[in-house]
Amino acid sequence: MPELPEVETVKRAIGPLITGNQITHVFVGRKDLRWALPVCLESQLSKAICHAPYRRGKYILIPIGDEQTLLLHLGMSGSIRIYPNRPNLQKHDHFAIGFEGNGWLVFSDPRRFGYIDLFANSDITSHRLLKILGPEPLSEEFTPEYLSKKVEHKTCSIKSFLLDQTKVAGIGNIYASEALFKAGISPKRQAKTIKGKRAERLVPAIQVILKKAIEAGGTSLRDHIQPGGEIGYFVQSLQMYGRGGESCPNCSAAIRVLKQSGRTSFYCGICQR
DNA sequence: AACAAGACCTGCATGC
DNA sequence: TGCATGCAGGTCTTGT
C-alpha cells in the first residue's frame, strides 16, 4: 500500500501524539508479521518516552527513550491510526501503544506484509533494512546527475529501476507510473537510456508528484487512511495509475496496461516514449 | 551479476 | 448464493 507520500503523511500525523509522550500500555497481537516481532517488545517499550518520529524511504522510525529506535513498515495493506482514548481493537490490529493522556496508536495490517522492529540507536546505520536504501528522492542527493550515473549499464526497464529501493528510496508502483507519465518517458524504456534531458525531466517529475501527493495526504485506494481517519485525496489527481482503457488526459489515446516484473504499469503509448 | 519470477497473506471484485 | 479466479500501494528470496 503505502509509498513515500503515504508514509510521510502517517509520520506527520502521529508526531503530535507521540513526541515527548510516555508509553503507558503496549499491546501485541499476532507476532507473525512479515518476520516475527522482536521478543520482549512489550517490556522494552513499557514506560519509555517516544521522541519525534521520522521517515526513511517507506519506513517510519520512532526513537524510544535514549537508546532505541522503533521501526515500522506498512507492507502492502498496513495502516496506522490514532485515537484520543483506548479503542476497541479489530481483527487485524496487531500492535498498539497507549500513551499518558490516553492517546493510542494502533498498527493494523490485514495481509501482514508489514514489519516491526526495535533496535539500538548505535545500529541505525547498519540495520539490514536501512543500510541498503538509496537516497531520499526529495533530498539534494537525488539529482539528474545521480540518476544518470546509477542507470549506467542497466538493461532493466526504467519502471523496474524506480521501484528498486536501493537506487532511490520511497517510490512505489503508483508514483512510478505517475512520474514517468509526467516526464513523458515510457515505462518500457531501458534504464540506461535515462540520461541527459530525460534525467533532467524525470527527477523533477518524481519530486513534484511526491510533494503534491504528500500535500494531498497520500493516495487512498483500498487500505490507506490517514491516522486520524481521513482518506488521502491524491487519488483524484492520478493521471495514469488504475486508469487502463481510459483516455490520456494529454492526447486522449487509450491508456495502456503492462506487466513489468510482476507489477502493473499504466502509460500512454503516444505521450511516453 | 543482473534481472525476472516466485513467494508471502488476506480481502475484495468479478464471473460462472 | 456459492465457489473459483485474479488482483492489490511491497520486497525478500529463488531461479534463470
# chains A, B, ... in the order shown; residues from 1 in each chain; ligands from 1

call {"tool": "interface_residues", "arguments": {"of": "chain A", "to": "chain B", "cutoff": "12 Å", "atoms": "only C-alpha atoms (C1' of nucleotides)", "output": "MDAnalysis selection string"}}
result
chainID A and resid 32:35 75:78 91:92 109:114 153:157 160:161 164 222:223 259:263

call {"tool": "residues_around", "arguments": {"residues": "stretch 3-13 of chain C", "least_positions_apart": "3", "cutoff": "7 Å", "atoms": "only C-alpha atoms (C1' of nucleotides)", "output": "list in words"}}
result
Met1, Pro2, Glu3, Gly75, Met76, Asn173 and Ile174 of chain A

call {"tool": "residues_around", "arguments": {"residues": "stretch 9-14 of chain A", "least_positions_apart": "5", "cutoff": "9 Å", "atoms": "only C-alpha atoms (C1' of nucleotides)", "output": "list in words"}}
result
Leu4, Thr19, Pro53, Tyr54, Arg55, Ile60, Leu61, Ser79, Ile80, Arg81, Ile82, Leu105, Ile214, Glu215, Ala216, Gly217, Gly218, Ile225, Gln226, Pro227, Gly228 and Gly232 of chain A

call {"tool": "select_by_dssp", "arguments": {"residues": "stretch 46-170 of chain A", "states": "strand (DSSP E or B)", "output": "ChimeraX atom specification"}}
result
/A:49-50,54-56,59-64,68-73,79-83,93-99,104-108,115-120,157

call {"tool": "write_last_selection", "arguments": {"atoms": "C-alpha atoms", "output": "compact mmCIF listing (two decimals), in the first residue's frame"}}
result
# COMPACT_ATOMS: atom_id res chain seq x y z
CA ILE A 49 9.38 8.18 26.26
CA CYS A 50 8.83 8.48 22.50
CA TYR A 54 10.97 10.46 11.18
CA ARG A 55 10.87 8.64 7.87
CA ARG A 56 13.44 6.83 5.74
CA TYR A 59 9.97 3.14 6.95
CA ILE A 60 8.72 5.09 9.95
CA LEU A 61 11.31 5.40 12.69
CA ILE A 62 10.48 6.37 16.26
CA PRO A 63 13.27 7.00 18.78
CA ILE A 64 12.34 5.29 22.05
CA GLN A 68 16.50 2.54 20.94
CA THR A 69 14.51 3.07 17.77
CA LEU A 70 11.20 1.51 16.78
CA LEU A 71 10.92 0.72 13.08
CA LEU A 72 7.58 0.33 11.35
CA HIS A 73 6.89 -0.76 7.78
CA SER A 79 -2.15 1.45 8.27
CA ILE A 80 -1.65 3.36 11.50
CA ARG A 81 -4.50 5.03 13.32
CA ILE A 82 -4.56 7.27 16.35
CA TYR A 83 -7.30 7.64 18.91
CA ASP A 93 -4.84 -4.66 14.74
CA HIS A 94 -1.56 -6.41 15.57
CA PHE A 95 0.19 -3.80 17.65
CA ALA A 96 -0.91 -0.84 19.75
CA ILE A 97 0.62 1.66 22.13
CA GLY A 98 -1.22 3.66 24.78
CA PHE A 99 0.22 6.97 25.97
CA TRP A 104 -3.44 5.46 21.40
CA LEU A 105 -1.54 4.46 18.29
CA VAL A 106 -2.73 1.31 16.50
CA PHE A 107 -0.86 -0.63 13.79
CA SER A 108 -3.16 -2.62 11.54
CA TYR A 115 7.09 -5.33 9.81
CA ILE A 116 8.01 -4.00 13.24
CA ASP A 117 11.49 -3.96 14.74
CA LEU A 118 13.22 -2.43 17.71
CA PHE A 119 16.95 -1.89 17.62
CA ALA A 120 19.74 0.04 19.31
CA SER A 157 13.20 -1.07 -17.58

call {"tool": "atom_distance", "arguments": {"atom1": "atom CA of A:Thr24", "atom2": "atom CA of A:His127"}}
result
27.4 Å

call {"tool": "select_by_dssp", "arguments": {"residues": "stretch 57-171 of chain A", "states": "alpha helix (DSSP H)", "output": "PyMOL selection string"}}
result
chain A and resi 144-150+158-163

call {"tool": "atom_distance", "arguments": {"atom1": "atom CA of A:Asn21", "atom2": "atom CA of A:Ala36"}}
result
26.7 Å

call {"tool": "atom_distance", "arguments": {"atom1": "atom CA of A:Met240", "atom2": "atom CA of A:Gly172"}}
result
13.9 Å

call {"tool": "residues_around", "arguments": {"residues": "A:Cys248", "least_positions_apart": "5", "cutoff": "9 Å", "atoms": "only C-alpha atoms (C1' of nucleotides)", "output": "list in words"}}
result
Gln239, Met240, Arg243, Ala253, Ala254, Ile255, Tyr267, Cys268, Ile270 and Cys271 of chain A

call {"tool": "write_last_selection", "arguments": {"atoms": "C-alpha atoms", "output": "PDB file, in the first residue's frame"}}
result
ATOM      1  CA  GLN A 239      -3.472  10.602 -14.308  1.00  0.00           C
ATOM      2  CA  MET A 240      -2.407   7.062 -15.232  1.00  0.00           C
ATOM      3  CA  ARG A 243      -6.944   4.108 -15.448  1.00  0.00           C
ATOM      4  CA  ALA A 253      -5.300   7.964 -26.594  1.00  0.00           C
ATOM      5  CA  ALA A 254      -6.326   4.903 -24.604  1.00  0.00           C
ATOM      6  CA  ILE A 255      -4.167   4.356 -21.514  1.00  0.00           C
ATOM      7  CA  TYR A 267       1.121   4.531 -19.567  1.00  0.00           C
ATOM      8  CA  CYS A 268       0.287   6.459 -22.716  1.00  0.00           C
ATOM      9  CA  ILE A 270       1.746   8.386 -27.537  1.00  0.00           C
ATOM     10  CA  CYS A 271       2.937  10.777 -24.836  1.00  0.00           C
TER      11      CYS A 271
END
